[in-house]
>>> print(open('input.cif').read())   # mmCIF, C-alpha atoms
data_query
#
loop_
_atom_site.group_PDB
_atom_site.id
_atom_site.type_symbol
_atom_site.label_atom_id
_atom_site.label_comp_id
_atom_site.auth_asym_id
_atom_site.auth_seq_id
_atom_site.Cartn_x
_atom_site.Cartn_y
_atom_site.Cartn_z
ATOM 1 C CA MET A 234 -9.085 111.216 60.142
ATOM 2 C CA ASN A 235 -9.937 114.161 57.886
ATOM 3 C CA ASN A 236 -13.709 114.633 58.010
ATOM 4 C CA SER A 237 -13.868 117.747 55.822
ATOM 5 C CA PRO A 238 -15.877 117.562 52.572
ATOM 6 C CA TYR A 239 -14.017 117.397 49.267
ATOM 7 C CA PRO A 240 -14.888 117.918 45.587
ATOM 8 C CA VAL A 241 -15.877 114.968 43.389
ATOM 9 C CA LEU A 242 -17.095 114.907 39.791
ATOM 10 C CA SER A 243 -20.815 115.318 39.230
ATOM 11 C CA GLU A 244 -20.819 113.104 36.106
ATOM 12 C CA PRO A 245 -18.533 111.503 33.508
ATOM 13 C CA LEU A 246 -17.236 113.613 30.633
ATOM 14 C CA MET A 247 -15.084 113.316 27.470
ATOM 15 C CA VAL A 248 -13.170 116.097 25.745
ATOM 16 C CA GLN A 249 -11.026 115.674 22.621
ATOM 17 C CA THR A 250 -7.867 117.653 21.917
ATOM 18 C CA GLU A 251 -5.464 117.490 18.980
ATOM 19 C CA VAL A 252 -1.692 118.026 18.907
ATOM 20 C CA LYS A 253 0.186 117.725 15.574
ATOM 21 C CA ARG A 254 -2.574 115.563 14.094
ATOM 22 C CA SER A 255 -2.573 113.148 17.057
ATOM 23 C CA LYS A 256 -6.002 112.969 18.674
ATOM 24 C CA PHE A 257 -6.285 112.705 22.460
ATOM 25 C CA LEU A 258 -9.699 111.624 23.805
ATOM 26 C CA ALA A 259 -9.767 112.289 27.538
ATOM 27 C CA TYR A 260 -12.460 110.440 29.468
ATOM 28 C CA VAL A 261 -12.968 111.297 33.128
ATOM 29 C CA ALA A 262 -15.379 109.779 35.654
ATOM 30 C CA PRO A 263 -16.157 109.756 39.383
ATOM 31 C CA THR A 264 -14.784 106.495 40.799
ATOM 32 C CA LYS A 265 -14.856 105.611 44.486
ATOM 33 C CA GLY A 266 -12.165 103.046 45.259
ATOM 34 C CA VAL A 267 -9.515 101.260 43.219
ATOM 35 C CA ALA A 268 -11.930 98.603 41.904
ATOM 36 C CA ALA A 269 -14.222 101.266 40.430
ATOM 37 C CA ALA A 270 -11.230 103.056 38.893
ATOM 38 C CA LYS A 271 -9.985 99.874 37.223
ATOM 39 C CA ALA A 272 -13.479 99.047 35.954
ATOM 40 C CA PHE A 273 -13.719 102.465 34.286
ATOM 41 C CA ILE A 274 -10.263 102.053 32.726
ATOM 42 C CA GLU A 275 -11.328 98.706 31.254
ATOM 43 C CA GLU A 276 -14.579 100.227 29.966
ATOM 44 C CA ILE A 277 -12.674 102.849 27.975
ATOM 45 C CA ARG A 278 -10.128 100.301 26.724
ATOM 46 C CA LEU A 279 -12.987 98.250 25.315
ATOM 47 C CA LYS A 280 -14.487 101.395 23.795
ATOM 48 C CA HIS A 281 -11.233 102.215 21.977
ATOM 49 C CA PRO A 282 -9.489 98.902 21.180
ATOM 50 C CA ASP A 283 -7.994 100.478 18.053
ATOM 51 C CA ALA A 284 -6.323 103.395 19.867
ATOM 52 C CA ASN A 285 -2.530 103.424 19.787
ATOM 53 C CA HIS A 286 -2.477 103.923 23.557
ATOM 54 C CA ASN A 287 -5.016 104.056 26.392
ATOM 55 C CA CYS A 288 -3.092 105.815 29.168
ATOM 56 C CA TRP A 289 -4.670 106.367 32.544
ATOM 57 C CA ALA A 290 -4.375 107.776 36.057
ATOM 58 C CA PHE A 291 -6.577 107.746 39.135
ATOM 59 C CA VAL A 292 -6.970 109.111 42.656
ATOM 60 C CA ALA A 293 -9.373 106.646 44.237
ATOM 61 C CA ASN A 294 -10.021 108.339 47.576
ATOM 62 C CA ARG A 295 -9.690 111.821 49.055
ATOM 63 C CA PRO A 296 -7.761 114.253 46.799
ATOM 64 C CA GLU A 297 -4.784 114.412 49.185
ATOM 65 C CA ASN A 298 -4.598 110.621 49.478
ATOM 66 C CA SER A 299 -1.242 109.344 48.236
ATOM 67 C CA ILE A 300 -1.853 105.607 48.663
ATOM 68 C CA GLU A 301 -4.904 104.773 46.535
ATOM 69 C CA ILE A 302 -3.443 106.250 43.348
ATOM 70 C CA GLY A 303 -2.220 104.732 40.091
ATOM 71 C CA PHE A 304 -1.130 105.531 36.550
ATOM 72 C CA SER A 305 0.024 103.832 33.348
ATOM 73 C CA ASP A 306 1.875 104.958 30.214
ATOM 74 C CA ASP A 307 0.360 102.002 28.282
ATOM 75 C CA GLY A 308 3.356 101.675 25.968
ATOM 76 C CA GLU A 309 4.270 105.349 25.675
ATOM 77 C CA PRO A 310 7.836 106.226 26.806
ATOM 78 C CA SER A 311 8.146 105.974 30.592
ATOM 79 C CA GLY A 312 7.012 109.098 32.423
ATOM 80 C CA CYS A 313 5.506 110.762 29.355
ATOM 81 C CA ALA A 314 1.806 110.028 29.893
ATOM 82 C CA GLY A 315 0.539 108.474 33.126
ATOM 83 C CA ARG A 316 2.650 110.533 35.514
ATOM 84 C CA PRO A 317 1.812 113.915 33.918
ATOM 85 C CA MET A 318 -1.854 112.895 33.937
ATOM 86 C CA LEU A 319 -1.686 111.956 37.629
ATOM 87 C CA ASN A 320 0.056 115.250 38.430
ATOM 88 C CA VAL A 321 -2.867 117.146 36.909
ATOM 89 C CA LEU A 322 -5.405 115.081 38.868
ATOM 90 C CA GLN A 323 -3.556 115.624 42.144
ATOM 91 C CA GLY A 324 -3.266 119.327 41.428
ATOM 92 C CA SER A 325 -6.994 119.627 40.738
ATOM 93 C CA GLY A 326 -8.036 118.945 44.342
ATOM 94 C CA ILE A 327 -10.732 116.522 43.118
ATOM 95 C CA GLY A 328 -11.101 113.149 44.835
ATOM 96 C CA GLU A 329 -12.411 109.762 43.647
ATOM 97 C CA ILE A 330 -11.527 110.460 40.024
ATOM 98 C CA THR A 331 -10.139 108.468 37.092
ATOM 99 C CA VAL A 332 -9.011 109.693 33.671
ATOM 100 C CA VAL A 333 -8.241 107.625 30.576
ATOM 101 C CA VAL A 334 -6.724 109.245 27.484
ATOM 102 C CA ALA A 335 -7.088 107.312 24.236
ATOM 103 C CA ARG A 336 -4.459 108.472 21.746
ATOM 104 C CA TYR A 337 -4.711 108.073 17.998
ATOM 105 C CA PHE A 338 -1.280 108.750 16.486
ATOM 106 C CA GLY A 339 -1.278 111.349 13.720
ATOM 107 C CA GLY A 340 2.046 110.473 12.129
ATOM 108 C CA ILE A 341 4.157 113.239 13.679
ATOM 109 C CA LYS A 342 6.305 112.352 16.699
ATOM 110 C CA LEU A 343 5.925 114.731 19.636
ATOM 111 C CA GLY A 344 9.083 113.932 21.588
ATOM 112 C CA THR A 345 9.040 113.088 25.273
ATOM 113 C CA GLY A 346 8.426 116.653 26.443
ATOM 114 C CA GLY A 347 5.759 117.167 23.833
ATOM 115 C CA MET A 348 3.974 113.977 24.843
ATOM 116 C CA ALA A 349 3.999 114.927 28.525
ATOM 117 C CA ARG A 350 2.497 118.318 27.661
ATOM 118 C CA ALA A 351 -0.079 116.746 25.337
ATOM 119 C CA TYR A 352 -1.300 114.190 27.876
ATOM 120 C CA GLY A 353 -1.296 116.698 30.723
ATOM 121 C CA GLY A 354 -3.056 119.184 28.477
ATOM 122 C CA ALA A 355 -5.726 116.635 27.560
ATOM 123 C CA VAL A 356 -6.521 116.116 31.235
ATOM 124 C CA ASN A 357 -6.550 119.859 31.913
ATOM 125 C CA ALA A 358 -8.964 120.315 28.992
ATOM 126 C CA VAL A 359 -11.489 117.790 30.252
ATOM 127 C CA LEU A 360 -11.269 119.025 33.860
ATOM 128 C CA ALA A 361 -11.852 122.597 32.672
ATOM 129 C CA GLN A 362 -15.310 121.544 31.497
ATOM 130 C CA ALA A 363 -16.117 119.124 34.337
ATOM 131 C CA GLU A 364 -18.647 119.978 37.019
ATOM 132 C CA THR A 365 -17.993 119.054 40.646
ATOM 133 C CA ARG A 366 -19.916 118.840 43.889
ATOM 134 C CA LEU A 367 -18.815 118.699 47.501
ATOM 135 C CA LYS A 368 -18.953 115.261 49.092
ATOM 136 C CA ALA A 369 -19.433 115.017 52.839
ATOM 137 C CA VAL A 370 -17.580 112.294 54.722
ATOM 138 C CA THR A 371 -20.209 110.023 56.285
ATOM 139 C CA THR A 372 -20.040 107.590 59.177
ATOM 140 C CA ILE A 373 -22.518 104.840 60.046
ATOM 141 C CA VAL A 374 -24.008 105.229 63.512
ATOM 142 C CA ARG A 375 -26.435 102.922 65.263
ATOM 143 C CA CYS A 376 -29.267 103.649 67.617
ATOM 144 C CA GLN A 377 -31.986 101.563 69.206
ATOM 145 C CA SER A 378 -35.339 103.140 69.892
ATOM 146 C CA SER A 379 -38.682 102.080 71.225
ATOM 147 C CA TYR A 380 -41.547 102.675 68.830
ATOM 148 C CA GLN A 381 -42.711 105.730 70.799
ATOM 149 C CA TRP A 382 -39.492 107.575 69.815
ATOM 150 C CA SER A 383 -39.416 106.556 66.133
ATOM 151 C CA ASN A 384 -40.806 109.902 64.935
ATOM 152 C CA LEU A 385 -38.079 111.722 66.851
ATOM 153 C CA VAL A 386 -35.388 109.574 65.204
ATOM 154 C CA GLU A 387 -36.814 110.108 61.741
ATOM 155 C CA GLN A 388 -37.235 113.865 62.260
ATOM 156 C CA SER A 389 -33.616 114.146 63.455
ATOM 157 C CA VAL A 390 -32.398 112.122 60.472
ATOM 158 C CA SER A 391 -34.178 114.559 58.154
ATOM 159 C CA GLN A 392 -32.944 117.608 60.060
ATOM 160 C CA TYR A 393 -29.307 116.478 59.799
ATOM 161 C CA GLN A 394 -29.662 115.412 56.135
ATOM 162 C CA ALA A 395 -28.679 111.875 57.130
ATOM 163 C CA ASN A 396 -29.957 108.592 55.677
ATOM 164 C CA ILE A 397 -31.403 105.505 57.331
ATOM 165 C CA VAL A 398 -29.484 102.715 55.590
ATOM 166 C CA ASP A 399 -31.122 99.894 57.572
ATOM 167 C CA ALA A 400 -33.834 99.440 60.192
ATOM 168 C CA GLN A 401 -34.608 96.172 61.979
ATOM 169 C CA TYR A 402 -37.998 95.970 63.706
ATOM 170 C CA GLY A 403 -38.178 93.778 66.803
ATOM 171 C CA GLU A 404 -38.989 94.687 70.388
ATOM 172 C CA LEU A 405 -37.020 97.834 69.583
ATOM 173 C CA ILE A 406 -36.197 99.485 66.278
ATOM 174 C CA ASP A 407 -32.504 99.055 65.478
ATOM 175 C CA TYR A 408 -31.432 101.853 63.118
ATOM 176 C CA GLN A 409 -28.239 102.189 61.102
ATOM 177 C CA ILE A 410 -27.824 105.773 59.960
ATOM 178 C CA ALA A 411 -25.311 107.345 57.551
ATOM 179 C CA LEU A 412 -24.432 110.754 58.955
ATOM 180 C CA ASP A 413 -21.987 113.578 58.191
ATOM 181 C CA ALA A 414 -19.026 112.650 60.407
ATOM 182 C CA ARG A 415 -18.645 116.248 61.600
ATOM 183 C CA ARG A 416 -22.148 116.241 63.143
ATOM 184 C CA ILE A 417 -22.163 112.984 65.103
ATOM 185 C CA SER A 418 -21.718 114.656 68.471
ATOM 186 C CA GLU A 419 -24.607 117.108 68.123
ATOM 187 C CA PHE A 420 -26.857 114.446 66.553
ATOM 188 C CA THR A 421 -26.123 112.102 69.466
ATOM 189 C CA SER A 422 -26.756 114.811 72.062
ATOM 190 C CA GLN A 423 -30.022 115.893 70.462
ATOM 191 C CA LEU A 424 -31.507 112.400 70.437
ATOM 192 C CA PHE A 425 -30.320 111.656 73.971
ATOM 193 C CA ASP A 426 -31.696 114.932 75.377
ATOM 194 C CA ARG A 427 -35.039 114.915 73.561
ATOM 195 C CA SER A 428 -35.716 111.280 74.436
ATOM 196 C CA HIS A 429 -34.717 111.899 78.068
ATOM 197 C CA GLY A 430 -31.882 109.414 77.790
ATOM 198 C CA HIS A 431 -33.885 106.646 76.097
ATOM 199 C CA ILE A 432 -31.995 106.836 72.786
ATOM 200 C CA VAL A 433 -28.261 106.221 72.788
ATOM 201 C CA VAL A 434 -26.296 106.567 69.552
ATOM 202 C CA THR A 435 -23.144 104.515 69.030
ATOM 203 C CA ALA A 436 -20.638 104.532 66.166
ATOM 204 C CA ASP A 437 -19.841 101.203 64.492
#
>>> encode(input="input.cif", output="C-alpha cells")
Amino acid sequence: MNNSPYPVLSEPLMVQTEVKRSKFLAYVAPTKGVAAAKAFIEEIRLKHPDANHNCWAFVANRPENSIEIGFSDDGEPSGCAGRPMLNVLQGSGIGEITVVVARYFGGIKLGTGGMARAYGGAVNAVLAQAETRLKAVTTIVRCQSSYQWSNLVEQSVSQYQANIVDAQYGELIDYQIALDARRISEFTSQLFDRSHGHIVVTAD
C-alpha cells in the first residue's frame, strides 16, 4: 500500500472558456470515492439542464489509481470529450477529483480534434487556477488505556497531529485514533515505552 501523501483540491472551482463561440464551463471539485464523484456530476447536471452536453471525468482515489476512474462524452462523438478530460486529470497528479464541463454550442462545429482540444483545454484552464493541499494517508488504530494514562494518550495524539475519532469509557478508555499511516510504528513505540508497557496500540 502506498502511504505517501498526495495532492487534493482545496475547494471547488469553475472556469469558463470559449472556443468558436461555444462556451465551456468547467466545474471541478474534491470528491473522495465514486459515490461522491457521481453526486457532484449530478449536481452540475441539475445546475445546467439546458446545456448541450455535460461531459465529465473523475479520479476517485489516489492520483495513480487506475480502477476508481470514469468518464463520459454525454452525447459528444466518442473519445472527443470524456477521455481527453480524464487524460488531463491523470496528468495533473491530483487525487480524489471530479470535473464536469457544461458545453453551450455556439453554432460552429469544431471537428473531433477541435472538440478534444477544447474539452482538454477547459480542464487545463480550471486546474491552472485551482489550489491544492497535500493529503496524508490515515489509518485507524486502537488503544486501551487506564485513566491514569489518558493525558499521555491525548498528548501523543496532539504531538502526532492525529485525531481521536471515538472513545468509549468503561473500566478502561478504548480509543480509536486516525493517524498518518507512515507514523504508526513510532506512535506505537512512544506510547508503549512511556506507559511502561501499559498501553498497546493495535491497527484495525
>>> closest_residue(input="input.cif", among="A:Asn287, A:Gln249, A:Ser428, A:Thr331", to="Gln362 in chain A", atoms="only C-alpha atoms")
A:Gln249
>>> residues_around(input="input.cif", residues="Thr250 in chain A", least_positions_apart="3", cutoff="9 Å", atoms="all atoms listed in the file", output="PDB file with C-alpha atoms, keeping the file's coordinate frame")
ATOM      1  CA  SER A 255      -2.573 113.148  17.057  1.00  0.00           C
ATOM      2  CA  LYS A 256      -6.002 112.969  18.674  1.00  0.00           C
ATOM      3  CA  PHE A 257      -6.285 112.705  22.460  1.00  0.00           C
ATOM      4  CA  LEU A 258      -9.699 111.624  23.805  1.00  0.00           C
ATOM      5  CA  ALA A 259      -9.767 112.289  27.538  1.00  0.00           C
ATOM      6  CA  ALA A 351      -0.079 116.746  25.337  1.00  0.00           C
ATOM      7  CA  GLY A 354      -3.056 119.184  28.477  1.00  0.00           C
ATOM      8  CA  ALA A 355      -5.726 116.635  27.560  1.00  0.00           C
ATOM      9  CA  ALA A 358      -8.964 120.315  28.992  1.00  0.00           C
TER      10      ALA A 358
END
>>> closest_residue(input="input.cif", among="A:Cys376, A:Ile341, A:Ala369, A:Ala363", to="Thr421 in chain A", atoms="only C-alpha atoms")
A:Cys376
>>> resolve_selection(input="input.cif", expression="the PyMOL selection byres ((chain A and resi 417) around 10)", output="PyMOL selection string")
chain A and resi 371-374+393+411-416+418-423+434-436
>>> atom_distance(input="input.cif", atom1="CA of Ala290 in chain A", atom2="CA of Val248 in chain A")
15.9 Å
>>> resolve_selection(input="input.cif", expression="the PyMOL selection byres ((chain A and resi 285) around 9)", output="PyMOL selection string")
chain A and resi 282-284+286-287+308+335-338
>>> resolve_selection(input="input.cif", expression="the PyMOL selection byres ((chain A and resi 277) around 10)", output="list in words")
Ala259, Tyr260, Val261, Ala272, Phe273, Ile274, Glu275, Glu276, Arg278, Leu279, Lys280, His281, Pro282, Asn287, Trp289, Val332, Val333, Val334 and Ala335 of chain A
>>> closest_residue(input="input.cif", among="A:Met318, A:Val241, A:Leu424, A:Val386", to="Tyr408 in chain A", atoms="only C-alpha atoms")
A:Val386
>>> residues_around(input="input.cif", residues="Ala262 in chain A", least_positions_apart="2", cutoff="9 Å", atoms="all atoms listed in the file", output="compact mmCIF listing (two decimals) with C-alpha atoms, in the frame of the given file")
# COMPACT_ATOMS: atom_id res chain seq x y z
CA LEU A 242 -17.10 114.91 39.79
CA SER A 243 -20.82 115.32 39.23
CA GLU A 244 -20.82 113.10 36.11
CA PRO A 245 -18.53 111.50 33.51
CA LEU A 246 -17.24 113.61 30.63
CA MET A 247 -15.08 113.32 27.47
CA TYR A 260 -12.46 110.44 29.47
CA THR A 264 -14.78 106.50 40.80
CA ALA A 270 -11.23 103.06 38.89
CA PHE A 273 -13.72 102.46 34.29
CA GLU A 329 -12.41 109.76 43.65
CA ILE A 330 -11.53 110.46 40.02
CA THR A 331 -10.14 108.47 37.09
CA VAL A 332 -9.01 109.69 33.67
>>> closest_residue(input="input.cif", among="A:Arg350, A:Arg254, A:Arg427, A:Lys342", to="Asn320 in chain A", atoms="all atoms listed in the file")
A:Arg350
>>> closest_residue(input="input.cif", among="A:Gln401, A:Ser379, A:Gln394, A:Asn298", to="Val433 in chain A", atoms="only C-alpha atoms")
A:Ser379
